[in-house]
file run.csv (CSV, C-alpha atoms)
chain,number,residue,atom,x,y,z
C,27,MET,CA,127.7,77.6,93.4
C,28,LYS,CA,125.7,79.0,96.4
C,29,LYS,CA,125.7,82.5,94.9
C,30,MET,CA,124.5,81.1,91.6
C,31,MET,CA,121.6,79.3,93.4
C,32,THR,CA,120.7,82.4,95.3
C,33,LEU,CA,120.6,84.4,92.1
C,34,ALA,CA,118.4,81.8,90.4
C,35,VAL,CA,115.9,81.9,93.3
C,36,MET,CA,115.8,85.7,93.1
C,37,MET,CA,115.2,85.6,89.4
C,38,THR,CA,112.4,83.1,89.9
C,39,ILE,CA,110.7,85.3,92.5
C,40,ALA,CA,111.0,88.3,90.2
C,41,ILE,CA,109.4,86.4,87.4
C,42,SER,CA,106.7,84.9,89.5
C,43,ALA,CA,105.6,88.2,90.9
C,44,SER,CA,104.8,90.6,88.1
C,45,ALA,CA,104.2,94.3,88.5
C,46,MET,CA,100.7,95.6,88.6
C,47,THR,CA,99.1,97.2,85.6
C,48,TYR,CA,97.7,100.7,85.8
C,49,THR,CA,94.2,99.3,86.2
C,50,GLN,CA,95.2,96.9,88.9
C,51,ALA,CA,97.0,99.6,90.9
C,52,ARG,CA,94.1,101.9,90.5
C,53,ASN,CA,91.6,99.3,91.8
C,54,GLU,CA,93.8,98.3,94.7
C,55,ALA,CA,94.5,101.9,95.7
C,56,LEU,CA,90.8,102.7,95.6
C,57,PHE,CA,89.8,99.8,97.8
C,58,LEU,CA,92.5,100.5,100.3
C,59,SER,CA,91.9,104.3,100.4
C,60,ASP,CA,88.2,103.8,100.8
C,61,LYS,CA,88.8,101.7,103.9
C,62,MET,CA,91.3,104.2,105.3
C,63,ALA,CA,88.9,107.0,104.7
C,64,TYR,CA,86.2,105.1,106.6
C,65,GLU,CA,88.3,104.0,109.6
C,66,LEU,CA,90.4,107.1,110.0
C,67,GLY,CA,87.6,109.6,109.3
C,68,LEU,CA,89.4,111.3,106.4
C,69,THR,CA,88.0,114.4,104.8
C,70,ALA,CA,87.3,114.5,101.0
C,71,GLU,CA,90.6,116.2,100.4
C,72,GLN,CA,92.6,113.9,102.6
C,73,TYR,CA,90.9,111.0,100.9
C,74,ALA,CA,91.9,112.3,97.4
C,75,ASP,CA,95.6,112.7,98.5
C,76,VAL,CA,95.7,109.3,100.3
C,77,TYR,CA,94.4,107.7,97.0
C,78,GLU,CA,97.3,109.3,95.1
C,79,ILE,CA,99.9,108.1,97.6
C,80,ASN,CA,98.5,104.6,97.7
C,81,PHE,CA,98.3,104.5,93.9
C,82,ASP,CA,102.0,105.5,93.5
C,83,TYR,CA,103.0,102.8,96.0
C,84,PHE,CA,101.0,100.0,94.3
C,85,TYR,CA,102.0,101.0,90.8
C,86,ASN,CA,105.7,100.9,91.7
C,87,VAL,CA,105.8,97.5,93.4
C,88,GLY,CA,107.3,95.0,91.0
C,89,THR,CA,109.2,92.5,93.1
C,90,TRP,CA,109.2,91.2,96.7
C,91,ALA,CA,112.0,93.7,97.5
C,92,ASP,CA,109.6,96.6,96.7
C,93,VAL,CA,107.1,95.6,99.3
C,94,ASN,CA,108.9,97.4,102.2
C,95,GLY,CA,111.4,99.2,100.1
C,96,THR,CA,112.0,102.8,99.0
C,97,ASN,CA,108.4,103.3,97.8
C,98,TRP,CA,107.0,102.0,101.0
C,99,THR,CA,109.2,104.4,103.0
C,100,ARG,CA,108.1,107.3,100.7
C,101,ARG,CA,104.5,106.3,101.1
C,102,ASN,CA,104.8,106.7,104.9
C,103,MET,CA,106.6,110.0,104.6
C,104,ASP,CA,103.9,111.4,102.3
C,105,LEU,CA,101.1,110.2,104.6
C,106,ARG,CA,102.7,112.1,107.5
C,107,TYR,CA,101.9,115.3,105.7
C,108,VAL,CA,98.3,114.3,105.0
C,109,LEU,CA,97.1,112.6,108.2
C,110,THR,CA,96.8,114.1,111.6
C,111,ALA,CA,99.0,112.7,114.3
C,112,TYR,CA,96.1,110.8,115.7
C,113,GLN,CA,95.1,109.4,112.3
C,114,TYR,CA,98.7,108.5,111.6
C,115,ASP,CA,99.0,106.6,114.8
C,116,ARG,CA,95.9,104.6,114.0
C,117,TYR,CA,97.2,104.0,110.5
C,118,MET,CA,100.5,102.5,111.8
C,119,ALA,CA,98.6,100.4,114.3
C,120,ALA,CA,96.6,98.7,111.6
C,121,THR,CA,98.9,96.3,109.7
C,122,TYR,CA,96.4,96.0,106.8
C,123,PHE,CA,96.9,99.8,106.3
C,124,TYR,CA,100.6,100.2,107.3
C,125,ARG,CA,101.9,97.2,105.4
C,126,PRO,CA,99.2,96.6,102.8
C,127,ILE,CA,101.2,94.2,100.7
C,128,GLY,CA,102.7,90.9,101.9
C,129,TRP,CA,104.6,88.1,100.3
C,130,SER,CA,103.6,84.5,100.4
C,131,GLY,CA,104.2,81.5,98.1
C,132,ASN,CA,105.8,83.5,95.3
C,133,HIS,CA,102.8,85.9,95.3
C,134,PHE,CA,102.1,89.3,96.6
C,135,THR,CA,99.1,89.3,99.0
C,136,PHE,CA,96.9,92.2,100.0
C,137,HIS,CA,96.2,92.3,103.7
C,138,ILE,CA,93.2,94.5,103.5
C,139,TYR,CA,91.1,91.6,102.1
C,140,SER,CA,91.6,89.7,105.4
C,141,ARG,CA,89.6,92.4,107.1
C,142,TYR,CA,87.2,93.5,104.4
C,143,VAL,CA,86.2,90.4,102.4
C,144,ASP,CA,83.5,91.9,100.2
C,145,ARG,CA,85.5,93.4,97.4
C,146,ASN,CA,82.5,95.2,96.0
C,147,ARG,CA,81.7,97.1,99.2
C,148,PHE,CA,82.7,100.7,99.4
C,149,TYR,CA,81.9,103.2,102.1
C,150,MET,CA,82.7,106.4,100.3
C,151,SER,CA,82.2,107.9,96.9
C,152,HIS,CA,85.3,107.8,94.6
C,153,PRO,CA,87.9,110.4,95.5
C,154,THR,CA,88.2,113.3,93.1
C,155,SER,CA,91.7,112.2,92.1
C,156,TYR,CA,90.5,108.8,91.0
C,157,VAL,CA,89.5,110.0,87.5
C,158,THR,CA,92.5,112.3,86.8
C,159,TYR,CA,95.5,111.0,88.7
C,160,ARG,CA,98.0,108.9,86.8
C,161,GLY,CA,100.9,108.9,89.2
C,162,GLY,CA,104.2,110.7,89.7
C,163,ASN,CA,103.8,112.8,92.9
C,164,ASN,CA,106.3,110.6,94.6
C,165,ARG,CA,109.2,111.4,92.3
C,166,GLY,CA,110.5,114.6,93.9
C,167,LYS,CA,113.1,114.8,96.6
C,168,THR,CA,110.7,116.4,99.0
C,169,SER,CA,107.1,115.3,99.6
C,170,TYR,CA,104.6,116.7,97.1
C,171,TYR,CA,102.2,117.1,100.1
C,172,VAL,CA,104.3,119.3,102.3
C,173,GLY,CA,102.5,122.4,103.7
C,174,ARG,CA,99.0,121.3,102.7
C,175,THR,CA,96.1,122.3,104.9
C,176,TYR,CA,93.1,120.2,105.5
C,177,ARG,CA,90.0,120.1,107.7
C,178,ALA,CA,90.2,117.0,109.8
C,179,ALA,CA,87.1,115.1,110.8
C,180,THR,CA,86.9,112.9,113.9
C,181,PRO,CA,87.7,109.2,113.1
C,182,HIS,CA,85.2,106.5,113.6
C,183,LYS,CA,85.2,104.6,116.9
C,184,GLU,CA,87.1,101.4,117.3
C,185,PRO,CA,85.3,98.1,116.4
C,186,THR,CA,83.1,96.8,119.2
C,187,ARG,CA,81.5,93.4,119.7
C,188,THR,CA,77.8,93.1,119.1
C,189,THR,CA,75.3,90.4,120.2
C,190,ASN,CA,74.8,89.3,116.5
C,191,HIS,CA,76.9,86.2,116.6
C,192,GLY,CA,79.9,88.2,117.9
C,193,ALA,CA,80.4,90.1,114.6
C,194,LEU,CA,82.8,93.0,114.6
C,195,GLN,CA,81.0,96.2,114.0
C,196,TYR,CA,82.0,99.9,113.8
C,197,GLY,CA,80.1,102.2,116.1
C,198,GLY,CA,79.9,106.0,116.2
C,199,SER,CA,80.0,108.5,113.4
C,200,THR,CA,82.2,111.2,112.0
C,201,GLY,CA,82.1,114.3,114.2
C,202,ALA,CA,82.5,118.0,113.4
C,203,ALA,CA,85.5,118.9,111.3
C,204,THR,CA,88.3,120.9,112.8
C,205,SER,CA,91.2,122.7,111.0
C,206,PHE,CA,94.8,121.6,111.1
C,207,HIS,CA,97.9,122.4,109.2
C,208,HIS,CA,101.2,120.6,109.1
C,209,GLY,CA,104.0,122.9,110.2
C,210,GLY,CA,102.1,126.2,110.5
C,211,ALA,CA,98.8,128.1,111.1
C,212,THR,CA,95.5,127.2,109.5
C,213,ALA,CA,95.1,130.3,107.5
C,214,GLY,CA,93.6,129.8,104.1
C,215,SER,CA,92.6,126.2,104.9
C,216,ARG,CA,90.9,124.0,102.4
C,217,THR,CA,87.4,123.0,103.4
C,218,SER,CA,85.7,119.6,103.1
C,219,SER,CA,83.6,117.2,105.1
C,220,THR,CA,82.8,113.5,105.3
C,221,SER,CA,79.4,112.1,105.9
C,222,SER,CA,78.5,110.0,109.0
C,223,ARG,CA,78.7,106.3,108.4
C,224,ALA,CA,78.5,103.1,110.5
C,225,HIS,CA,78.9,99.8,108.7
C,226,ALA,CA,79.8,96.3,109.8
C,227,SER,CA,83.1,94.7,108.7
C,228,SER,CA,84.1,91.1,109.0
C,229,ARG,CA,87.4,89.3,109.6
C,230,THR,CA,88.6,86.2,107.7
C,231,SER,CA,92.0,84.7,107.2
C,232,GLY,CA,92.0,85.1,103.5
C,233,SER,CA,93.9,87.6,101.4
C,234,ARG,CA,94.0,88.6,97.7
C,235,SER,CA,97.2,88.1,95.7
C,236,PHE,CA,98.7,88.8,92.3
C,237,GLY,CA,101.7,87.5,90.5
C,238,GLY,CA,102.4,84.0,89.3
C,239,HIS,CA,99.4,82.3,87.8
C,240,ARG,CA,96.3,84.5,87.5
call {"tool": "encode", "arguments": {"input": "run.csv", "output": "structure tokens"}}
result
Amino acid sequence: MKKMMTLAVMMTIAISASAMTYTQARNEALFLSDKMAYELGLTAEQYADVYEINFDYFYNVGTWADVNGTNWTRRNMDLRYVLTAYQYDRYMAATYFYRPIGWSGNHFTFHIYSRYVDRNRFYMSHPTSYVTYRGGNNRGKTSYYVGRTYRAATPHKEPTRTTNHGALQYGGSTGAATSFHHGGATAGSRTSSTSSRAHASSRTSGSRSFGGHR
């Protein structure tokens, strides 16, 4: 009887939380990747690859078990080949980046909206992959991004308090780019740069969700 009840609950959860459509996954991946590019100081090429990785994760989340499942693990593995060690450490330290989807009240929630409440605010232009990428780079046994070479810009400074009603604000700007290569020399490196930006961001306790009644 207990097993039957457990199965019924799991079926209810799976029904209440529906998988994202292509358009939903695309929009969520773009918003999240834009904020990662801003905070971590990604180059244009890193930004494009991060968007692909985030899209594959969002597009393959269908139930609560997928939130921190195989696709989440694959996302982290792929990002290790795209981000510098410093960027990756900052990525893991930010829950809204590291665990972008949560589960609450039979719904998936998006933690990024607790930090960036304006869903129409973007700090970067769309990545080049936004128009063309339709998923699938996460299907191979090894990471699609192994051996890629980038030019890494200096990330933005940590948020600092201002005198304007205690609002959190980012200070500093993106510095000069330096080359790095995962697992080898920097010969034949791809070149790109990101523009200097400094914008304010606000914290709230809210988060966006999907699944169940929409």
call {"tool": "closest_residue", "arguments": {"input": "run.csv", "among": "C:Gly162, C:Val87, C:Asn94, C:Gln72", "to": "Thr175 in chain C", "atoms": "only C-alpha atoms"}}
result
C:Gln72
call {"tool": "atom_distance", "arguments": {"input": "run.csv", "atom1": "CA of Tyr156 in chain C", "atom2": "CA of Ile127 in chain C"}}
result
20.5 Å
call {"tool": "atom_distance", "arguments": {"input": "run.csv", "atom1": "CA of Tyr48 in chain C", "atom2": "CA of Asn164 in chain C"}}
result
15.8 Å
call {"tool": "atom_distance", "arguments": {"input": "run.csv", "atom1": "CA of Phe81 in chain C", "atom2": "CA of Met46 in chain C"}}
result
10.6 Å
call {"tool": "closest_residue", "arguments": {"input": "run.csv", "among": "C:Phe134, C:Tyr77, C:Phe123, C:Tyr64", "to": "Ala91 in chain C", "atoms": "all atoms listed in the file"}}
result
C:Phe134
call {"tool": "closest_residue", "arguments": {"input": "run.csv", "among": "C:Tyr114, C:Tyr73, C:Tyr124, C:Tyr107", "to": "Ile138 in chain C", "atoms": "all atoms listed in the file"}}
result
C:Tyr124
call {"tool": "residues_around", "arguments": {"input": "run.csv", "residues": "Ala63 in chain C", "least_positions_apart": "3", "cutoff": "9 Å", "atoms": "all atoms listed in the file", "output": "PyMOL selection string"}}
result
chain C and resi 58-60+66-70+72-73+76+149-150+181+220
call {"tool": "axis_aligned_box", "arguments": {"input": "run.csv", "around": "range 134-140 of chain C", "padding_each_side": "4 Å", "output": "AutoDock Vina command-line options"}}
result
--center_x 96.6 --center_y 91.9 --center_z 101.0 --size_x 19.0 --size_y 13.2 --size_z 16.8
call {"tool": "residues_near_point", "arguments": {"input": "run.csv", "point": "(94.0, 102.9, 108.2)", "cutoff": "7 Å", "atoms": "only C-alpha atoms", "output": "list in words"}}
result
Lys61, Met62, Glu65, Leu66, Arg116, Tyr117, Ala120 and Phe123 of chain C
call {"tool": "write_last_selection", "arguments": {"input": "run.csv", "atoms": "C-alpha atoms", "output": "short mmCIF file (atom, residue, chain, number, x, y, z; two decimals), keeping the file's coordinate frame"}}
result
data_model
loop_
_atom_site.label_atom_id
_atom_site.label_comp_id
_atom_site.auth_asym_id
_atom_site.auth_seq_id
_atom_site.Cartn_x
_atom_site.Cartn_y
_atom_site.Cartn_z
CA LYS C 61 88.80 101.70 103.90
CA MET C 62 91.30 104.20 105.30
CA GLU C 65 88.30 104.00 109.60
CA LEU C 66 90.40 107.10 110.00
CA ARG C 116 95.90 104.60 114.00
CA TYR C 117 97.20 104.00 110.50
CA ALA C 120 96.60 98.70 111.60
CA PHE C 123 96.90 99.80 106.30
#
call {"tool": "closest_residue", "arguments": {"input": "run.csv", "among": "C:Tyr112, C:Trp98, C:Tyr142, C:Phe57", "to": "Tyr83 in chain C", "atoms": "all atoms listed in the file"}}
result
C:Trp98
